[in-house]
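Below is the file upload23.cif, which contains mmCIF, N, CA and C atoms.
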data_my_file
#
loop_
_atom_site.label_atom_id
_atom_site.label_comp_id
_atom_site.auth_asym_id
_atom_site.auth_seq_id
_atom_site.Cartn_x
_atom_site.Cartn_y
_atom_site.Cartn_z
N MET I 29 47.82 43.00 -10.49
CA MET I 29 49.10 42.57 -10.01
C MET I 29 49.72 41.58 -10.98
N ASP I 30 50.96 41.80 -11.21
CA ASP I 30 51.65 40.87 -12.09
C ASP I 30 52.27 39.75 -11.27
N ARG I 31 52.83 38.79 -11.95
CA ARG I 31 53.41 37.61 -11.30
C ARG I 31 54.58 37.96 -10.38
N GLY I 32 55.39 38.80 -10.82
CA GLY I 32 56.57 39.17 -10.04
C GLY I 32 56.19 39.78 -8.70
N MET I 33 55.14 40.59 -8.72
CA MET I 33 54.74 41.23 -7.48
C MET I 33 54.15 40.20 -6.51
N ARG I 34 53.43 39.24 -7.03
CA ARG I 34 52.87 38.18 -6.19
C ARG I 34 53.99 37.40 -5.52
N ARG I 35 54.99 37.06 -6.28
CA ARG I 35 56.13 36.31 -5.73
C ARG I 35 56.81 37.11 -4.62
N ARG I 36 56.96 38.39 -4.88
CA ARG I 36 57.62 39.22 -3.87
C ARG I 36 56.79 39.30 -2.59
N MET I 37 55.45 39.32 -2.74
CA MET I 37 54.58 39.38 -1.57
C MET I 37 54.65 38.07 -0.80
N LYS I 38 54.73 36.98 -1.52
CA LYS I 38 54.84 35.69 -0.87
C LYS I 38 56.16 35.59 -0.12
N LYS I 39 57.18 36.07 -0.72
CA LYS I 39 58.50 36.01 -0.08
C LYS I 39 58.53 36.86 1.18
N ARG I 40 57.75 37.90 1.20
CA ARG I 40 57.74 38.78 2.35
C ARG I 40 57.03 38.12 3.55
N GLU I 41 56.23 37.04 3.29
CA GLU I 41 55.54 36.35 4.38
C GLU I 41 56.55 35.77 5.34
N PRO I 42 56.34 35.94 6.60
CA PRO I 42 57.25 35.32 7.56
C PRO I 42 57.13 33.79 7.50
N PRO I 43 58.20 33.08 7.83
CA PRO I 43 58.17 31.61 7.75
C PRO I 43 57.11 30.99 8.65
N TRP I 44 56.85 31.54 9.80
CA TRP I 44 55.84 30.95 10.68
C TRP I 44 54.46 31.01 10.05
N GLN I 45 54.21 32.03 9.23
CA GLN I 45 52.91 32.17 8.58
C GLN I 45 52.75 31.11 7.48
N ARG I 46 53.83 30.85 6.76
CA ARG I 46 53.78 29.79 5.75
C ARG I 46 53.53 28.44 6.40
N ARG I 47 54.22 28.19 7.52
CA ARG I 47 54.03 26.91 8.23
C ARG I 47 52.59 26.78 8.73
N MET I 48 52.03 27.85 9.21
CA MET I 48 50.64 27.83 9.70
C MET I 48 49.67 27.55 8.55
N ARG I 49 49.94 28.19 7.40
CA ARG I 49 49.07 27.96 6.26
C ARG I 49 49.16 26.50 5.82
N ARG I 50 50.37 25.95 5.75
CA ARG I 50 50.57 24.56 5.37
C ARG I 50 49.90 23.62 6.38
N ALA I 51 50.06 23.92 7.67
CA ALA I 51 49.43 23.10 8.71
C ALA I 51 47.90 23.16 8.59
N GLY I 52 47.39 24.34 8.25
CA GLY I 52 45.94 24.49 8.06
C GLY I 52 45.43 23.64 6.91
N VAL I 53 46.19 23.61 5.83
CA VAL I 53 45.80 22.79 4.66
C VAL I 53 45.80 21.31 5.04
N TYR I 54 46.85 20.88 5.74
CA TYR I 54 46.92 19.47 6.16
C TYR I 54 45.80 19.13 7.14
N ALA I 55 45.53 20.02 8.07
CA ALA I 55 44.46 19.77 9.04
C ALA I 55 43.11 19.71 8.33
N GLY I 56 42.90 20.62 7.38
CA GLY I 56 41.64 20.59 6.62
C GLY I 56 41.49 19.30 5.83
N GLY I 57 42.59 18.85 5.21
CA GLY I 57 42.54 17.60 4.46
C GLY I 57 42.26 16.41 5.37
N ALA I 58 42.91 16.39 6.55
CA ALA I 58 42.68 15.30 7.50
C ALA I 58 41.25 15.32 7.99
N LEU I 59 40.72 16.50 8.26
CA LEU I 59 39.33 16.63 8.70
C LEU I 59 38.37 16.13 7.62
N LEU I 60 38.64 16.47 6.39
CA LEU I 60 37.81 16.01 5.28
C LEU I 60 37.83 14.49 5.18
N VAL I 61 38.99 13.88 5.34
CA VAL I 61 39.10 12.42 5.29
C VAL I 61 38.31 11.79 6.44
N LEU I 62 38.43 12.38 7.63
CA LEU I 62 37.71 11.84 8.79
C LEU I 62 36.19 11.94 8.58
N VAL I 63 35.72 13.06 8.08
CA VAL I 63 34.29 13.22 7.83
C VAL I 63 33.82 12.22 6.78
N LEU I 64 34.59 12.03 5.75
CA LEU I 64 34.23 11.07 4.70
C LEU I 64 34.17 9.65 5.26
N MET I 65 35.15 9.29 6.07
CA MET I 65 35.16 7.94 6.67
C MET I 65 33.97 7.76 7.60
N HIS I 66 33.65 8.80 8.38
CA HIS I 66 32.51 8.70 9.28
C HIS I 66 31.21 8.57 8.48
N THR I 67 31.12 9.28 7.38
CA THR I 67 29.92 9.21 6.54
C THR I 67 29.75 7.82 5.94
N LEU I 68 30.83 7.18 5.58
CA LEU I 68 30.74 5.85 4.98
C LEU I 68 30.64 4.74 6.01
N PHE I 69 31.50 4.76 7.01
CA PHE I 69 31.65 3.62 7.90
C PHE I 69 31.13 3.84 9.31
N GLY I 70 30.64 5.01 9.64
CA GLY I 70 30.20 5.33 10.99
C GLY I 70 28.95 4.56 11.39
N ARG I 71 28.53 4.77 12.64
CA ARG I 71 27.37 4.07 13.18
C ARG I 71 26.12 4.32 12.34
N TYR I 72 25.94 5.53 11.88
CA TYR I 72 24.80 5.87 11.03
C TYR I 72 25.26 6.18 9.61
N GLY I 73 26.34 5.57 9.19
CA GLY I 73 26.91 5.83 7.87
C GLY I 73 26.16 5.11 6.76
N TYR I 74 26.65 5.32 5.58
CA TYR I 74 26.01 4.77 4.38
C TYR I 74 25.94 3.24 4.43
N LEU I 75 27.04 2.60 4.76
CA LEU I 75 27.05 1.13 4.78
C LEU I 75 26.12 0.58 5.85
N SER I 76 26.07 1.22 6.99
CA SER I 76 25.17 0.78 8.06
C SER I 76 23.71 0.94 7.63
N MET I 77 23.40 2.01 6.97
CA MET I 77 22.02 2.23 6.50
C MET I 77 21.63 1.20 5.44
N ARG I 78 22.54 0.87 4.56
CA ARG I 78 22.26 -0.15 3.54
C ARG I 78 21.98 -1.49 4.21
N ARG I 79 22.79 -1.85 5.22
CA ARG I 79 22.60 -3.10 5.94
C ARG I 79 21.24 -3.10 6.64
N SER I 80 20.88 -1.98 7.23
CA SER I 80 19.59 -1.87 7.93
C SER I 80 18.43 -2.00 6.94
N GLN I 81 18.56 -1.39 5.79
CA GLN I 81 17.50 -1.49 4.78
C GLN I 81 17.33 -2.93 4.32
N HIS I 82 18.43 -3.65 4.17
CA HIS I 82 18.37 -5.06 3.77
C HIS I 82 17.66 -5.88 4.85
N GLU I 83 17.97 -5.64 6.11
CA GLU I 83 17.32 -6.36 7.21
C GLU I 83 15.83 -6.05 7.25
N ILE I 84 15.47 -4.79 7.03
CA ILE I 84 14.06 -4.40 7.02
C ILE I 84 13.32 -5.14 5.92
N GLU I 85 13.92 -5.22 4.74
CA GLU I 85 13.29 -5.92 3.62
C GLU I 85 13.08 -7.40 3.95
N GLN I 86 14.08 -8.03 4.56
CA GLN I 86 13.94 -9.44 4.94
C GLN I 86 12.83 -9.63 5.97
N LEU I 87 12.75 -8.72 6.94
CA LEU I 87 11.71 -8.82 7.96
C LEU I 87 10.32 -8.61 7.36
N ARG I 88 10.22 -7.73 6.39
CA ARG I 88 8.92 -7.53 5.73
C ARG I 88 8.49 -8.78 4.97
N GLU I 89 9.45 -9.41 4.30
CA GLU I 89 9.12 -10.65 3.58
C GLU I 89 8.68 -11.74 4.55
N GLU I 90 9.36 -11.85 5.68
CA GLU I 90 8.99 -12.85 6.67
C GLU I 90 7.61 -12.53 7.26
N LEU I 91 7.33 -11.26 7.48
CA LEU I 91 6.03 -10.85 7.99
C LEU I 91 4.92 -11.20 7.00
N ASP I 92 5.15 -10.97 5.71
CA ASP I 92 4.17 -11.34 4.69
C ASP I 92 3.92 -12.85 4.69
N ARG I 93 5.01 -13.62 4.80
CA ARG I 93 4.87 -15.08 4.82
C ARG I 93 4.08 -15.53 6.04
N LEU I 94 4.36 -14.93 7.19
CA LEU I 94 3.63 -15.29 8.41
C LEU I 94 2.17 -14.88 8.35
N ASP I 95 1.88 -13.75 7.71
CA ASP I 95 0.49 -13.33 7.52
C ASP I 95 -0.27 -14.34 6.66
N GLN I 96 0.38 -14.81 5.60
CA GLN I 96 -0.27 -15.82 4.75
C GLN I 96 -0.51 -17.12 5.52
N GLU I 97 0.48 -17.54 6.28
CA GLU I 97 0.34 -18.76 7.08
C GLU I 97 -0.77 -18.59 8.12
N ASN I 98 -0.85 -17.42 8.72
CA ASN I 98 -1.89 -17.13 9.70
C ASN I 98 -3.28 -17.20 9.06
N ALA I 99 -3.41 -16.64 7.88
CA ALA I 99 -4.70 -16.69 7.17
C ALA I 99 -5.07 -18.13 6.84
N GLN I 100 -4.09 -18.94 6.41
CA GLN I 100 -4.36 -20.35 6.09
C GLN I 100 -4.81 -21.10 7.34
N LEU I 101 -4.12 -20.89 8.45
CA LEU I 101 -4.47 -21.59 9.69
C LEU I 101 -5.84 -21.13 10.21
N SER I 102 -6.16 -19.85 10.04
CA SER I 102 -7.49 -19.36 10.43
C SER I 102 -8.57 -20.05 9.62
N GLY I 103 -8.30 -20.25 8.33
CA GLY I 103 -9.26 -20.97 7.49
C GLY I 103 -9.43 -22.42 7.93
N GLU I 104 -8.33 -23.06 8.31
CA GLU I 104 -8.42 -24.44 8.79
C GLU I 104 -9.21 -24.51 10.09
N ILE I 105 -9.00 -23.55 10.98
CA ILE I 105 -9.74 -23.52 12.25
C ILE I 105 -11.23 -23.35 11.98
N ARG I 106 -11.57 -22.42 11.09
CA ARG I 106 -12.98 -22.20 10.74
C ARG I 106 -13.59 -23.47 10.17
N ALA I 107 -12.83 -24.15 9.30
CA ALA I 107 -13.35 -25.39 8.69
C ALA I 107 -13.55 -26.46 9.75
N LEU I 108 -12.63 -26.60 10.69
CA LEU I 108 -12.76 -27.62 11.73
C LEU I 108 -13.90 -27.30 12.70
N GLN I 109 -14.25 -26.03 12.84
CA GLN I 109 -15.34 -25.66 13.72
C GLN I 109 -16.71 -25.84 13.06
N THR I 110 -16.75 -25.81 11.72
CA THR I 110 -18.06 -25.81 11.05
C THR I 110 -18.25 -26.95 10.05
N ASP I 111 -17.21 -27.50 9.47
CA ASP I 111 -17.34 -28.46 8.37
C ASP I 111 -17.12 -29.89 8.88
N PRO I 112 -18.16 -30.72 8.85
CA PRO I 112 -18.01 -32.11 9.31
C PRO I 112 -17.02 -32.91 8.46
N ALA I 113 -16.92 -32.60 7.18
CA ALA I 113 -15.99 -33.33 6.30
C ALA I 113 -14.54 -33.05 6.72
N ALA I 114 -14.25 -31.83 7.09
CA ALA I 114 -12.89 -31.48 7.54
C ALA I 114 -12.57 -32.19 8.85
N ILE I 115 -13.55 -32.26 9.74
CA ILE I 115 -13.36 -32.96 11.02
C ILE I 115 -13.09 -34.44 10.77
N GLU I 116 -13.86 -35.04 9.86
CA GLU I 116 -13.67 -36.46 9.55
C GLU I 116 -12.29 -36.70 8.92
N LYS I 117 -11.87 -35.82 8.06
CA LYS I 117 -10.56 -35.97 7.41
C LYS I 117 -9.44 -35.97 8.45
N VAL I 118 -9.49 -35.04 9.40
CA VAL I 118 -8.46 -34.98 10.44
C VAL I 118 -8.52 -36.23 11.31
N ALA I 119 -9.74 -36.68 11.65
CA ALA I 119 -9.88 -37.87 12.49
C ALA I 119 -9.32 -39.10 11.79
N ARG I 120 -9.52 -39.23 10.50
CA ARG I 120 -9.03 -40.40 9.78
C ARG I 120 -7.51 -40.34 9.55
N GLU I 121 -7.02 -39.20 9.06
CA GLU I 121 -5.61 -39.10 8.67
C GLU I 121 -4.67 -38.93 9.85
N ASP I 122 -5.02 -38.05 10.77
CA ASP I 122 -4.09 -37.75 11.86
C ASP I 122 -4.27 -38.66 13.07
N MET I 123 -5.49 -39.06 13.34
CA MET I 123 -5.75 -39.85 14.54
C MET I 123 -5.93 -41.34 14.26
N GLY I 124 -6.06 -41.71 13.01
CA GLY I 124 -6.20 -43.13 12.65
C GLY I 124 -7.56 -43.72 13.01
N LEU I 125 -8.59 -42.90 13.12
CA LEU I 125 -9.92 -43.39 13.46
C LEU I 125 -10.62 -43.90 12.20
N ALA I 126 -11.61 -44.79 12.42
CA ALA I 126 -12.38 -45.35 11.30
C ALA I 126 -13.84 -45.44 11.70
N ARG I 127 -14.70 -45.57 10.71
CA ARG I 127 -16.12 -45.77 10.97
C ARG I 127 -16.34 -47.22 11.41
N PRO I 128 -17.43 -47.46 12.07
CA PRO I 128 -17.70 -48.85 12.46
C PRO I 128 -17.76 -49.76 11.25
N GLY I 129 -17.07 -50.88 11.33
CA GLY I 129 -17.06 -51.84 10.23
C GLY I 129 -15.93 -51.64 9.24
N GLU I 130 -15.23 -50.54 9.30
CA GLU I 130 -14.13 -50.29 8.38
C GLU I 130 -12.84 -50.88 8.96
N MET I 131 -11.96 -51.29 8.06
CA MET I 131 -10.65 -51.79 8.45
C MET I 131 -9.59 -50.84 7.91
N ILE I 132 -8.56 -50.59 8.71
CA ILE I 132 -7.50 -49.67 8.30
C ILE I 132 -6.25 -50.49 8.02
N PHE I 133 -5.70 -50.28 6.85
CA PHE I 133 -4.44 -50.93 6.46
C PHE I 133 -3.37 -49.85 6.41
N GLN I 134 -2.33 -50.05 7.18
CA GLN I 134 -1.22 -49.10 7.15
C GLN I 134 -0.03 -49.75 6.48
N LEU I 135 0.41 -49.14 5.40
CA LEU I 135 1.55 -49.65 4.65
C LEU I 135 2.82 -48.94 5.11
N PRO I 136 3.93 -49.67 5.15
CA PRO I 136 5.17 -49.00 5.55
C PRO I 136 5.59 -47.96 4.51
N ASP I 137 6.37 -47.02 4.98
CA ASP I 137 6.91 -46.00 4.06
C ASP I 137 7.83 -46.68 3.06
N ASP I 138 8.00 -46.04 1.91
CA ASP I 138 8.88 -46.59 0.88
C ASP I 138 10.31 -46.64 1.41
N PRO I 139 10.96 -47.81 1.30
CA PRO I 139 12.37 -47.86 1.71
C PRO I 139 13.23 -47.12 0.69
N PRO I 140 14.40 -46.66 1.08
CA PRO I 140 15.26 -45.95 0.11
C PRO I 140 15.69 -46.90 -1.00
N ALA I 141 15.83 -46.35 -2.18
CA ALA I 141 16.22 -47.17 -3.34
C ALA I 141 17.62 -47.71 -3.12
N ARG I 142 17.80 -49.00 -3.43
CA ARG I 142 19.12 -49.62 -3.29
C ARG I 142 19.85 -49.54 -4.61
N LYS I 143 21.16 -49.38 -4.51
CA LYS I 143 21.98 -49.35 -5.71
C LYS I 143 22.34 -50.79 -6.07
N PRO I 144 22.27 -51.13 -7.34
CA PRO I 144 22.66 -52.49 -7.73
C PRO I 144 24.17 -52.67 -7.53
N LEU I 145 24.54 -53.88 -7.18
CA LEU I 145 25.95 -54.19 -6.97
C LEU I 145 26.68 -54.20 -8.30
N THR I 146 27.86 -53.64 -8.30
CA THR I 146 28.67 -53.64 -9.52
C THR I 146 29.70 -54.76 -9.42
N GLY I 147 30.41 -55.00 -10.45
CA GLY I 147 31.42 -56.06 -10.50
C GLY I 147 32.58 -55.81 -9.54
N GLN I 148 32.82 -54.57 -9.18
CA GLN I 148 33.94 -54.25 -8.31
C GLN I 148 33.67 -54.68 -6.88
N ASN I 149 32.44 -54.66 -6.45
CA ASN I 149 32.14 -54.96 -5.05
C ASN I 149 31.77 -56.41 -4.82
N THR I 150 31.66 -57.22 -5.84
CA THR I 150 31.26 -58.61 -5.65
C THR I 150 32.47 -59.41 -5.21
N PRO I 151 32.27 -60.42 -4.33
CA PRO I 151 33.41 -61.24 -3.85
C PRO I 151 33.96 -62.09 -4.98
N LYS I 152 35.26 -62.33 -4.92
CA LYS I 152 35.92 -63.15 -5.95
C LYS I 152 35.83 -64.60 -5.51
N GLN I 153 35.63 -65.51 -6.48
CA GLN I 153 35.54 -66.93 -6.17
C GLN I 153 36.73 -67.68 -6.66
#
Here is the file; what I need is its structure written in the form of structure tokens.
Amino acid sequence: MDRGMRRRMKKREPPWQRRMRRAGVYAGGALLVLVLMHTLFGRYGYLSMRRSQHEIEQLREELDRLDQENAQLSGEIRALQTDPAAIEKVAREDMGLARPGEMIFQLPDDPPARKPLTGQNTPKQ
């Protein structure tokens, strides 16, 4: 078929058929846009999945940290159940206990460092 014949065939199309074809193209384009938006922004879309993966990674890191802390505390419990030196350390440091004849000196915490007075803040005479 040559070009002229194609044009003539198109011209022979009734106007309602052209409108339907045009409406179909627009509807297909709108449907494509809606599917794309749902894929990106929907409840199970790409952005939601990325956010969920980030939350999962944070929870795994927190779980690892808690496992380490749990192992450390289990070691401390074992030491307090079996090691007399660990028991004595806790009794001295946390409870303030001493052996007979010992004296305990408690020093105050370091006060915050003071700033020296400058010439601007000194009273005028």
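Taking atom CA of Tyr74 of chain I and atom CA of Val61 of chain I as the two end points, the separation is 15.2 Å.
Here atom CA of Asp137 of chain I stands at a distance of 17.5 Å from atom CA of Met123 of chain I.
Of note, atom CA of Gln96 of chain I and atom CA of Arg120 of chain I are spaced 26.6 Å apart.
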Those in segment 97-143 of chain I with helix (DSSP H, G or I) from DSSP, as an MDAnalysis selection string: chainID I and resid 97:110 112:121
Write out, as a PDB file, in the coordinates of the input, the residues just selected, with N, CA and C atoms.
ATOM      1  N   GLU I  97       0.480 -17.540   6.280  1.00  0.00           N
ATOM      2  CA  GLU I  97       0.340 -18.760   7.080  1.00  0.00           C
ATOM      3  C   GLU I  97      -0.770 -18.590   8.120  1.00  0.00           C
ATOM      4  N   ASN I  98      -0.850 -17.420   8.720  1.00  0.00           N
ATOM      5  CA  ASN I  98      -1.890 -17.130   9.700  1.00  0.00           C
ATOM      6  C   ASN I  98      -3.280 -17.200   9.060  1.00  0.00           C
ATOM      7  N   ALA I  99      -3.410 -16.640   7.880  1.00  0.00           N
ATOM      8  CA  ALA I  99      -4.700 -16.690   7.170  1.00  0.00           C
ATOM      9  C   ALA I  99      -5.070 -18.130   6.840  1.00  0.00           C
ATOM     10  N   GLN I 100      -4.090 -18.940   6.410  1.00  0.00           N
ATOM     11  CA  GLN I 100      -4.360 -20.350   6.090  1.00  0.00           C
ATOM     12  C   GLN I 100      -4.810 -21.100   7.340  1.00  0.00           C
ATOM     13  N   LEU I 101      -4.120 -20.890   8.450  1.00  0.00           N
ATOM     14  CA  LEU I 101      -4.470 -21.590   9.690  1.00  0.00           C
ATOM     15  C   LEU I 101      -5.840 -21.130  10.210  1.00  0.00           C
ATOM     16  N   SER I 102      -6.160 -19.850  10.040  1.00  0.00           N
ATOM     17  CA  SER I 102      -7.490 -19.360  10.430  1.00  0.00           C
ATOM     18  C   SER I 102      -8.570 -20.050   9.620  1.00  0.00           C
ATOM     19  N   GLY I 103      -8.300 -20.250   8.330  1.00  0.00           N
ATOM     20  CA  GLY I 103      -9.260 -20.970   7.490  1.00  0.00           C
ATOM     21  C   GLY I 103      -9.430 -22.420   7.930  1.00  0.00           C
ATOM     22  N   GLU I 104      -8.330 -23.060   8.310  1.00  0.00           N
ATOM     23  CA  GLU I 104      -8.420 -24.440   8.790  1.00  0.00           C
ATOM     24  C   GLU I 104      -9.210 -24.510  10.090  1.00  0.00           C
ATOM     25  N   ILE I 105      -9.000 -23.550  10.980  1.00  0.00           N
ATOM     26  CA  ILE I 105      -9.740 -23.520  12.250  1.00  0.00           C
ATOM     27  C   ILE I 105     -11.230 -23.350  11.980  1.00  0.00           C
ATOM     28  N   ARG I 106     -11.570 -22.420  11.090  1.00  0.00           N
ATOM     29  CA  ARG I 106     -12.980 -22.200  10.740  1.00  0.00           C
ATOM     30  C   ARG I 106     -13.590 -23.470  10.170  1.00  0.00           C
ATOM     31  N   ALA I 107     -12.830 -24.150   9.300  1.00  0.00           N
ATOM     32  CA  ALA I 107     -13.350 -25.390   8.690  1.00  0.00           C
ATOM     33  C   ALA I 107     -13.550 -26.460   9.750  1.00  0.00           C
ATOM     34  N   LEU I 108     -12.630 -26.600  10.690  1.00  0.00           N
ATOM     35  CA  LEU I 108     -12.760 -27.620  11.730  1.00  0.00           C
ATOM     36  C   LEU I 108     -13.900 -27.300  12.700  1.00  0.00           C
ATOM     37  N   GLN I 109     -14.250 -26.030  12.840  1.00  0.00           N
ATOM     38  CA  GLN I 109     -15.340 -25.660  13.720  1.00  0.00           C
ATOM     39  C   GLN I 109     -16.710 -25.840  13.060  1.00  0.00           C
ATOM     40  N   THR I 110     -16.750 -25.810  11.720  1.00  0.00           N
ATOM     41  CA  THR I 110     -18.060 -25.810  11.050  1.00  0.00           C
ATOM     42  C   THR I 110     -18.250 -26.950  10.050  1.00  0.00           C
ATOM     43  N   PRO I 112     -18.160 -30.720   8.850  1.00  0.00           N
ATOM     44  CA  PRO I 112     -18.010 -32.110   9.310  1.00  0.00           C
ATOM     45  C   PRO I 112     -17.020 -32.910   8.460  1.00  0.00           C
ATOM     46  N   ALA I 113     -16.920 -32.600   7.180  1.00  0.00           N
ATOM     47  CA  ALA I 113     -15.990 -33.330   6.300  1.00  0.00           C
ATOM     48  C   ALA I 113     -14.540 -33.050   6.720  1.00  0.00           C
ATOM     49  N   ALA I 114     -14.250 -31.830   7.090  1.00  0.00           N
ATOM     50  CA  ALA I 114     -12.890 -31.480   7.540  1.00  0.00           C
ATOM     51  C   ALA I 114     -12.570 -32.190   8.850  1.00  0.00           C
ATOM     52  N   ILE I 115     -13.550 -32.260   9.740  1.00  0.00           N
ATOM     53  CA  ILE I 115     -13.360 -32.960  11.020  1.00  0.00           C
ATOM     54  C   ILE I 115     -13.090 -34.440  10.770  1.00  0.00           C
ATOM     55  N   GLU I 116     -13.860 -35.040   9.860  1.00  0.00           N
ATOM     56  CA  GLU I 116     -13.670 -36.460   9.550  1.00  0.00           C
ATOM     57  C   GLU I 116     -12.290 -36.700   8.920  1.00  0.00           C
ATOM     58  N   LYS I 117     -11.870 -35.820   8.060  1.00  0.00           N
ATOM     59  CA  LYS I 117     -10.560 -35.970   7.410  1.00  0.00           C
ATOM     60  C   LYS I 117      -9.440 -35.970   8.450  1.00  0.00           C
ATOM     61  N   VAL I 118      -9.490 -35.040   9.400  1.00  0.00           N
ATOM     62  CA  VAL I 118      -8.460 -34.980  10.440  1.00  0.00           C
ATOM     63  C   VAL I 118      -8.520 -36.230  11.310  1.00  0.00           C
ATOM     64  N   ALA I 119      -9.740 -36.680  11.650  1.00  0.00           N
ATOM     65  CA  ALA I 119      -9.880 -37.870  12.490  1.00  0.00           C
ATOM     66  C   ALA I 119      -9.320 -39.100  11.790  1.00  0.00           C
ATOM     67  N   ARG I 120      -9.520 -39.230  10.500  1.00  0.00           N
ATOM     68  CA  ARG I 120      -9.030 -40.400   9.780  1.00  0.00           C
ATOM     69  C   ARG I 120      -7.510 -40.340   9.550  1.00  0.00           C
ATOM     70  N   GLU I 121      -7.020 -39.200   9.060  1.00  0.00           N
ATOM     71  CA  GLU I 121      -5.610 -39.100   8.670  1.00  0.00           C
ATOM     72  C   GLU I 121      -4.670 -38.930   9.850  1.00  0.00           C
TER      73      GLU I 121
END
Centre and edges of the segment 78-86 of chain I box, axis-aligned, 8 Å extra per side, as JSON:
{"center_x": 17.8, "center_y": -4.4, "center_z": 5.7, "size_x": 26.0, "size_y": 26.5, "size_z": 20.4}
